[in-house]
Amino acid sequence: MKVVTADEMRKIDRMTIEDVGIPGHVLMERAGVAVARRIQEIFEKRKTIVLAGGGNNGGDGIVTARELFNHGWNVRVLMLIKEDRLSPDCLTQFRIAKKAGVPVEFRSEITASDLHGSIVVDALLGTGLNKSIEGSMAKVIEVLNNSGVPVVSIDVPSGISSDTGQIMSIAVRADYTVTFGLPKRGHLLYPGAEYAGRLFIEDIGFLEESLNSRELKVELLEINRIRSLIPKRRRYSHKGDYGHVFIVAGSRGKTGAAIMAARACLRTGAGLVTIGVPESLVTVFESRVTEEMTLPLPDTGNGSLSARAGKVILDFLSTKGDVLCIGPGIGVSDDIERMVSDMIGSINVPVVIDADAINSIHDLRVLRGCRSQVVMTPHPGEMARLISKTESPGKGLKEIIKAIEEDRINTALNFASDNGLFLVLKGVPTIIANPEGDVFINPTGNPGMATAGTGDVLTGMIGSLIGQGLNALNASILAVYIHGLAGDIAKERKGEQSLIASDIIEAIPEAIKRLEDFNG
């Protein structure tokens, strides 16, 4: 399902009105009826207050009130904007509601007693908000949030940026949000997603071709698409048909990162996995591996890879490996930085770059010169370090991280497009972007996954799926979704507080099976 900005939704509205010929007031009628229907499904009949602004969002709210009133509900509209400042369609709905007998009054402020015992419909501001909320409107929202009553927001909770999910100084905390046509970015990005509550997406008559236009570049991952990506196994096949993944990972004190990446890789279906490890730690690894193989790599004598390891890695990949995963737990040193930079320009298989391998890149021209598909999997801190070295050298890391979290979609989109790679920006939610400017939002996962090692698990999963024949984009999409779903299954078993990365690995088989068995 596509995800839109406020401007993209306005274009869809305009196309529906001008090209198809459905008048704006008809769309408003359909929107209000849809909201009223949802309210009647969720709640028993009870006192309802509609807080309405003066724009089209307010008009939607007035239609909602009239529809509930016609079904015998005790409903009242409190208008926060004077009649002479209402938009044309909102004014029309106001006049219709008055003639229909719906109680409507203009108010400059709202008190807790106004809202006591009611359902509140938030129809104050809608998707067009582009500045901070101040004055009387901010006080109304504060009273509403402190009232403890159930809230249904129309289109987007008032005060949330529909493009970024950021709070515009203050915002309505809704229990439910009813939006139209397509979800907005602010419904899915935090903190907007938290403020939106349960989201309903209603069809009010937009053309299917406008809702699925290729011009809309952001998409929410859905289970049917995900299921179609799962590699199918032929009855007549062998381990060599499912990829040989080479994982370069681990150093003294960080051997677990390599083991977790390798086990996740196998659990996701790879036929063969070899871990490239510092030669002085081979004995440690040999005591821990079972299905995985190991390849000793030149090290510096202290359990960290030497720059000389690059040639051995390239030689191995030229004859055996189908994909390289590099970074989990390898540490950062001058040798590591030299090895990573030297290898990327010469590699001839797809490469997944994570963790310390990301931190070892100082010149993005190295990535742009890679002849193979590159997947990078930074968390916001690693993303900030990349940006600080290249695009924003004068800014501090905290400032850059804040900017990333305030605009995860465009951060991922711009970096992937500028550098010709596939970016998996980990976090809440995880964002996948390709060089062509397409962006995908992942809906799975939970806070329990904020624990050491979960990124190593994801790296192994992406490498596994590339090794099984998926391209870098589809492997990233499928791995991220399964990774989050496995985390959700692990949460069911262990709870959020006690969840660890190994629990996610154990849940991968069930996650894949649930997808395969899904019949929705």
# chains A, B, ... in the order shown; residues from 1 in each chain; ligands from 1
call {"tool": "residues_around", "arguments": {"residues": "His483 in chain A", "least_positions_apart": "6", "cutoff": "9 Å", "atoms": "only C-alpha atoms", "output": "PyMOL selection string"}}
result
chain A and resi 444-445+454+457-458+461+504-505+507-508+511
call {"tool": "select_by_dssp", "arguments": {"residues": "range 66-142 of chain A", "states": "strand (DSSP E or B)", "output": "ChimeraX atom specification"}}
result
/A:75-79,104-106,119-123
call {"tool": "write_last_selection", "arguments": {"atoms": "C-alpha atoms", "output": "PDB file, in the first residue's frame"}}
result
ATOM      1  CA  VAL A  75     -24.180  14.641  19.341  1.00  0.00           C
ATOM      2  CA  ARG A  76     -23.029  18.243  19.532  1.00  0.00           C
ATOM      3  CA  VAL A  77     -20.582  20.218  17.339  1.00  0.00           C
ATOM      4  CA  LEU A  78     -18.311  22.757  18.970  1.00  0.00           C
ATOM      5  CA  MET A  79     -16.807  25.025  16.328  1.00  0.00           C
ATOM      6  CA  VAL A 104     -23.786  23.498  16.630  1.00  0.00           C
ATOM      7  CA  GLU A 105     -22.200  26.287  18.623  1.00  0.00           C
ATOM      8  CA  PHE A 106     -19.133  28.489  18.271  1.00  0.00           C
ATOM      9  CA  ILE A 119     -16.684  10.396  22.805  1.00  0.00           C
ATOM     10  CA  VAL A 120     -14.735  13.209  21.155  1.00  0.00           C
ATOM     11  CA  VAL A 121     -14.243  13.496  17.414  1.00  0.00           C
ATOM     12  CA  ASP A 122     -11.117  15.513  16.591  1.00  0.00           C
ATOM     13  CA  ALA A 123     -11.836  17.460  13.394  1.00  0.00           C
TER      14      ALA A 123
END
call {"tool": "residues_around", "arguments": {"residues": "Thr64 in chain A", "least_positions_apart": "3", "cutoff": "10 Å", "atoms": "only C-alpha atoms", "output": "compact mmCIF listing (two decimals) with C-alpha atoms, in the first residue's frame"}}
result
# COMPACT_ATOMS: atom_id res chain seq x y z
CA MET A 28 -16.59 15.30 2.19
CA GLU A 29 -19.95 13.56 2.56
CA ARG A 30 -18.37 10.17 1.96
CA ALA A 31 -15.58 10.92 4.43
CA GLY A 32 -17.97 11.94 7.20
CA VAL A 33 -20.22 8.95 6.60
CA ALA A 34 -17.19 6.63 6.77
CA VAL A 35 -16.09 8.14 10.10
CA ALA A 36 -19.59 7.88 11.55
CA ARG A 37 -19.82 4.24 10.47
CA ILE A 39 -17.65 5.18 15.38
CA VAL A 50 -17.26 16.92 17.56
CA GLY A 58 -13.90 20.51 10.17
CA GLY A 59 -16.36 19.92 7.35
CA ASP A 60 -15.70 16.16 7.58
CA GLY A 61 -16.41 16.40 11.29
CA GLU A 67 -24.73 11.23 10.26
CA LEU A 68 -24.59 10.19 13.92
CA PHE A 69 -27.45 12.59 14.73
CA ASN A 70 -29.57 10.95 12.02
CA VAL A 75 -24.18 14.64 19.34
CA VAL A 77 -20.58 20.22 17.34
CA VAL A 121 -14.24 13.50 17.41
CA ALA A 123 -11.84 17.46 13.39
CA ILE A 154 -10.32 12.49 11.39
call {"tool": "atom_distance", "arguments": {"atom1": "CA of Asn224 in chain A", "atom2": "CA of Ile441 in chain A"}}
result
14.8 Å
call {"tool": "closest_residue", "arguments": {"among": "A:Glu405, A:Asp19, A:Asp438, A:Asp299", "to": "Lys426 in chain A", "atoms": "only C-alpha atoms"}}
result
A:Glu405
call {"tool": "atom_distance", "arguments": {"atom1": "CA of Asn434 in chain A", "atom2": "CA of Asp315 in chain A"}}
result
28.8 Å
call {"tool": "residues_around", "arguments": {"residues": "Lys389 in chain A", "least_positions_apart": "3", "cutoff": "12 Å", "atoms": "only C-alpha atoms", "output": "count of residues only"}}
result
19
call {"tool": "atom_distance", "arguments": {"atom1": "CA of Ala501 in chain A", "atom2": "CA of Ser341 in chain A"}}
result
29.2 Å
call {"tool": "residues_around", "arguments": {"residues": "Asp175 in chain A", "least_positions_apart": "6", "cutoff": "9 Å", "atoms": "only C-alpha atoms", "output": "ChimeraX atom specification"}}
result
/A:150-153,195-199
call {"tool": "write_last_selection", "arguments": {"atoms": "C-alpha atoms", "output": "PDB file, in the first residue's frame"}}
result
ATOM      1  CA  PRO A 150     -11.919   8.303  24.016  1.00  0.00           C
ATOM      2  CA  VAL A 151     -10.857  10.275  20.942  1.00  0.00           C
ATOM      3  CA  VAL A 152     -11.398   9.582  17.241  1.00  0.00           C
ATOM      4  CA  SER A 153      -9.290  11.786  14.965  1.00  0.00           C
ATOM      5  CA  TYR A 195      -0.552   9.502  18.686  1.00  0.00           C
ATOM      6  CA  ALA A 196      -2.723   8.021  15.922  1.00  0.00           C
ATOM      7  CA  GLY A 197      -3.858   4.979  17.902  1.00  0.00           C
ATOM      8  CA  ARG A 198      -5.570   2.355  15.780  1.00  0.00           C
ATOM      9  CA  LEU A 199      -5.626   3.434  12.145  1.00  0.00           C
TER      10      LEU A 199
END
call {"tool": "closest_residue", "arguments": {"among": "A:Arg263, A:Arg233, A:Arg46, A:Lys311", "to": "Glu291 in chain A", "atoms": "only C-alpha atoms"}}
result
A:Arg263
call {"tool": "residues_around", "arguments": {"residues": "range 181-192 of chain A", "least_positions_apart": "4", "cutoff": "9 Å", "atoms": "only C-alpha atoms", "output": "PyMOL selection string"}}
result
chain A and resi 1-6+9+12+127+155-157+160-167+171+177+196-197+199-206+211+218+220+405-409+428-429+441+443
call {"tool": "write_last_selection", "arguments": {"atoms": "C-alpha atoms", "output": "CSV table (one decimal), in the first residue's frame"}}
result
chain,number,residue,atom,x,y,z
A,1,MET,CA,0.0,0.0,0.0
A,2,LYS,CA,1.3,3.4,-1.0
A,3,VAL,CA,2.0,6.1,1.7
A,4,VAL,CA,1.6,9.7,0.9
A,5,THR,CA,2.5,13.2,1.9
A,6,ALA,CA,-0.2,15.9,2.4
A,9,MET,CA,-3.0,13.5,-1.2
A,12,ILE,CA,-5.2,12.8,-5.6
A,127,THR,CA,-3.3,17.2,7.1
A,155,ASP,CA,-7.5,12.0,8.8
A,156,VAL,CA,-4.6,12.7,11.2
A,157,PRO,CA,-4.5,13.7,14.9
A,160,ILE,CA,0.8,15.9,14.0
A,161,SER,CA,2.7,16.6,10.8
A,162,SER,CA,1.2,14.3,8.2
A,163,ASP,CA,4.6,14.3,6.4
A,164,THR,CA,7.0,13.5,9.2
A,165,GLY,CA,5.0,12.4,12.2
A,166,GLN,CA,6.5,15.2,14.3
A,167,ILE,CA,4.5,17.0,16.9
A,171,ALA,CA,-0.9,17.2,19.4
A,177,THR,CA,-7.7,7.7,13.5
A,196,ALA,CA,-2.7,8.0,15.9
A,197,GLY,CA,-3.9,5.0,17.9
A,199,LEU,CA,-5.6,3.4,12.1
A,200,PHE,CA,-8.5,2.9,9.8
A,201,ILE,CA,-8.1,3.6,6.0
A,202,GLU,CA,-11.4,4.3,4.3
A,203,ASP,CA,-12.2,4.2,0.5
A,204,ILE,CA,-14.3,7.3,-0.4
A,205,GLY,CA,-14.1,7.0,-4.1
A,206,PHE,CA,-10.6,7.8,-5.3
A,211,LEU,CA,-3.8,5.4,-5.4
A,218,VAL,CA,6.8,5.4,-0.5
A,220,LEU,CA,4.0,0.3,3.5
A,405,GLU,CA,14.9,10.6,13.4
A,406,GLU,CA,12.7,13.6,12.4
A,407,ASP,CA,12.8,12.6,8.7
A,408,ARG,CA,13.7,8.9,8.4
A,409,ILE,CA,12.2,8.6,4.9
A,428,VAL,CA,11.3,2.5,14.5
A,429,PRO,CA,10.1,2.0,11.8
A,441,ILE,CA,8.2,1.2,5.5
A,443,PRO,CA,5.3,-2.6,10.0
call {"tool": "residues_around", "arguments": {"residues": "Leu515 in chain A", "least_positions_apart": "4", "cutoff": "12 Å", "atoms": "only C-alpha atoms", "output": "list in words"}}
result
Glu222, Ile223, Asn224, Arg225, Ile226, Arg227, Ser228, Leu229, Ile230, Pro231, Leu478, Tyr481, Ile482, Leu485, Ala486, Ile508, Pro509, Glu510, Ala511, Asn519 and Gly520 of chain A
call {"tool": "closest_residue", "arguments": {"among": "A:Glu44, A:Glu496, A:Asp356, A:Asp342", "to": "Asn446 in chain A", "atoms": "only C-alpha atoms"}}
result
A:Glu496
call {"tool": "closest_residue", "arguments": {"among": "A:Met15, A:Met137, A:Ile489, A:Ala258", "to": "Gly53 in chain A", "atoms": "only C-alpha atoms"}}
result
A:Met137
call {"tool": "select_by_dssp", "arguments": {"residues": "range 280-432 of chain A", "states": "alpha helix (DSSP H)", "output": "ChimeraX atom specification"}}
result
/A:282-286,309-319,334-344,355-359,365-368,380-390,397-406,408-419
call {"tool": "closest_residue", "arguments": {"among": "A:Pro350, A:Gly21, A:Gly427, A:Gly460", "to": "Ala262 in chain A", "atoms": "only C-alpha atoms"}}
result
A:Gly460
call {"tool": "decode", "arguments": {"residues": "range 9-44 of chain A", "atoms": "N, CA and C atoms", "output": "JSON list (two decimals), in the first residue's frame"}}
result
[["chain", "number", "residue", "atom", "x", "y", "z"],
["A", 9, "MET", "N", -1.53, 13.75, -1.37],
["A", 9, "MET", "CA", -2.96, 13.47, -1.17],
["A", 9, "MET", "C", -3.81, 14.58, -1.78],
["A", 10, "ARG", "N", -3.34, 15.83, -1.67],
["A", 10, "ARG", "CA", -4.08, 16.93, -2.29],
["A", 10, "ARG", "C", -4.15, 16.74, -3.81],
["A", 11, "LYS", "N", -3.08, 16.26, -4.41],
["A", 11, "LYS", "CA", -3.10, 16.01, -5.86],
["A", 11, "LYS", "C", -4.11, 14.93, -6.22],
["A", 12, "ILE", "N", -4.20, 13.90, -5.39],
["A", 12, "ILE", "CA", -5.19, 12.84, -5.63],
["A", 12, "ILE", "C", -6.59, 13.40, -5.48],
["A", 13, "ASP", "N", -6.80, 14.25, -4.46],
["A", 13, "ASP", "CA", -8.10, 14.92, -4.29],
["A", 13, "ASP", "C", -8.44, 15.73, -5.54],
["A", 14, "ARG", "N", -7.46, 16.52, -5.99],
["A", 14, "ARG", "CA", -7.69, 17.41, -7.12],
["A", 14, "ARG", "C", -8.00, 16.61, -8.39],
["A", 15, "MET", "N", -7.27, 15.51, -8.59],
["A", 15, "MET", "CA", -7.51, 14.67, -9.75],
["A", 15, "MET", "C", -8.93, 14.09, -9.70],
["A", 16, "THR", "N", -9.35, 13.68, -8.52],
["A", 16, "THR", "CA", -10.70, 13.10, -8.37],
["A", 16, "THR", "C", -11.76, 14.15, -8.65],
["A", 17, "ILE", "N", -11.53, 15.36, -8.19],
["A", 17, "ILE", "CA", -12.51, 16.43, -8.37],
["A", 17, "ILE", "C", -12.53, 16.95, -9.80],
["A", 18, "GLU", "N", -11.36, 17.24, -10.36],
["A", 18, "GLU", "CA", -11.28, 17.90, -11.67],
["A", 18, "GLU", "C", -11.34, 16.91, -12.83],
["A", 19, "ASP", "N", -10.63, 15.80, -12.74],
["A", 19, "ASP", "CA", -10.56, 14.87, -13.88],
["A", 19, "ASP", "C", -11.71, 13.87, -13.88],
["A", 20, "VAL", "N", -12.07, 13.39, -12.70],
["A", 20, "VAL", "CA", -13.16, 12.41, -12.62],
["A", 20, "VAL", "C", -14.50, 13.10, -12.54],
["A", 21, "GLY", "N", -14.53, 14.24, -11.87],
["A", 21, "GLY", "CA", -15.78, 15.00, -11.80],
["A", 21, "GLY", "C", -16.57, 14.77, -10.53],
["A", 22, "ILE", "N", -15.95, 14.18, -9.52],
["A", 22, "ILE", "CA", -16.64, 14.02, -8.23],
["A", 22, "ILE", "C", -16.41, 15.30, -7.43],
["A", 23, "PRO", "N", -17.45, 16.05, -7.12],
["A", 23, "PRO", "CA", -17.26, 17.33, -6.42],
["A", 23, "PRO", "C", -16.65, 17.13, -5.03],
["A", 24, "GLY", "N", -15.96, 18.17, -4.55],
["A", 24, "GLY", "CA", -15.33, 18.11, -3.25],
["A", 24, "GLY", "C", -16.30, 17.86, -2.12],
["A", 25, "HIS", "N", -17.53, 18.45, -2.23],
["A", 25, "HIS", "CA", -18.49, 18.27, -1.14],
["A", 25, "HIS", "C", -19.00, 16.84, -1.10],
["A", 26, "VAL", "N", -18.96, 16.14, -2.25],
["A", 26, "VAL", "CA", -19.36, 14.72, -2.25],
["A", 26, "VAL", "C", -18.31, 13.88, -1.53],
["A", 27, "LEU", "N", -17.03, 14.16, -1.81],
["A", 27, "LEU", "CA", -15.96, 13.47, -1.09],
["A", 27, "LEU", "C", -16.07, 13.73, 0.41],
["A", 28, "MET", "N", -16.43, 14.97, 0.78],
["A", 28, "MET", "CA", -16.59, 15.30, 2.19],
["A", 28, "MET", "C", -17.73, 14.51, 2.80],
["A", 29, "GLU", "N", -18.83, 14.38, 2.08],
["A", 29, "GLU", "CA", -19.95, 13.56, 2.56],
["A", 29, "GLU", "C", -19.51, 12.12, 2.80],
["A", 30, "ARG", "N", -18.80, 11.56, 1.82],
["A", 30, "ARG", "CA", -18.37, 10.17, 1.96],
["A", 30, "ARG", "C", -17.42, 9.99, 3.13],
["A", 31, "ALA", "N", -16.54, 10.99, 3.33],
["A", 31, "ALA", "CA", -15.58, 10.92, 4.43],
["A", 31, "ALA", "C", -16.31, 10.93, 5.77],
["A", 32, "GLY", "N", -17.24, 11.85, 5.93],
["A", 32, "GLY", "CA", -17.97, 11.94, 7.20],
["A", 32, "GLY", "C", -18.81, 10.70, 7.48],
["A", 33, "VAL", "N", -19.43, 10.17, 6.44],
["A", 33, "VAL", "CA", -20.22, 8.95, 6.60],
["A", 33, "VAL", "C", -19.33, 7.79, 7.03],
["A", 34, "ALA", "N", -18.13, 7.70, 6.42],
["A", 34, "ALA", "CA", -17.19, 6.63, 6.77],
["A", 34, "ALA", "C", -16.76, 6.73, 8.23],
["A", 35, "VAL", "N", -16.49, 7.95, 8.70],
["A", 35, "VAL", "CA", -16.09, 8.14, 10.10],
["A", 35, "VAL", "C", -17.24, 7.75, 11.03],
["A", 36, "ALA", "N", -18.43, 8.20, 10.71],
["A", 36, "ALA", "CA", -19.59, 7.88, 11.55],
["A", 36, "ALA", "C", -19.80, 6.37, 11.62],
["A", 37, "ARG", "N", -19.64, 5.70, 10.50],
["A", 37, "ARG", "CA", -19.82, 4.24, 10.47],
["A", 37, "ARG", "C", -18.81, 3.56, 11.39],
["A", 38, "ARG", "N", -17.55, 4.01, 11.34],
["A", 38, "ARG", "CA", -16.53, 3.42, 12.20],
["A", 38, "ARG", "C", -16.85, 3.67, 13.68],
["A", 39, "ILE", "N", -17.32, 4.86, 14.00],
["A", 39, "ILE", "CA", -17.65, 5.18, 15.38],
["A", 39, "ILE", "C", -18.76, 4.27, 15.87],
["A", 40, "GLN", "N", -19.76, 4.03, 15.03],
["A", 40, "GLN", "CA", -20.87, 3.16, 15.43],
["A", 40, "GLN", "C", -20.44, 1.70, 15.58],
["A", 41, "GLU", "N", -19.39, 1.30, 14.82],
["A", 41, "GLU", "CA", -18.86, -0.05, 14.97],
["A", 41, "GLU", "C", -18.08, -0.21, 16.26],
["A", 42, "ILE", "N", -17.37, 0.84, 16.67],
["A", 42, "ILE", "CA", -16.47, 0.75, 17.81],
["A", 42, "ILE", "C", -17.20, 0.96, 19.13],
["A", 43, "PHE", "N", -18.15, 1.91, 19.17],
["A", 43, "PHE", "CA", -18.76, 2.33, 20.43],
["A", 43, "PHE", "C", -20.26, 2.03, 20.46],
["A", 44, "GLU", "N", -20.75, 1.83, 21.67],
["A", 44, "GLU", "CA", -22.19, 1.86, 21.90],
["A", 44, "GLU", "C", -22.65, 3.31, 21.80]]
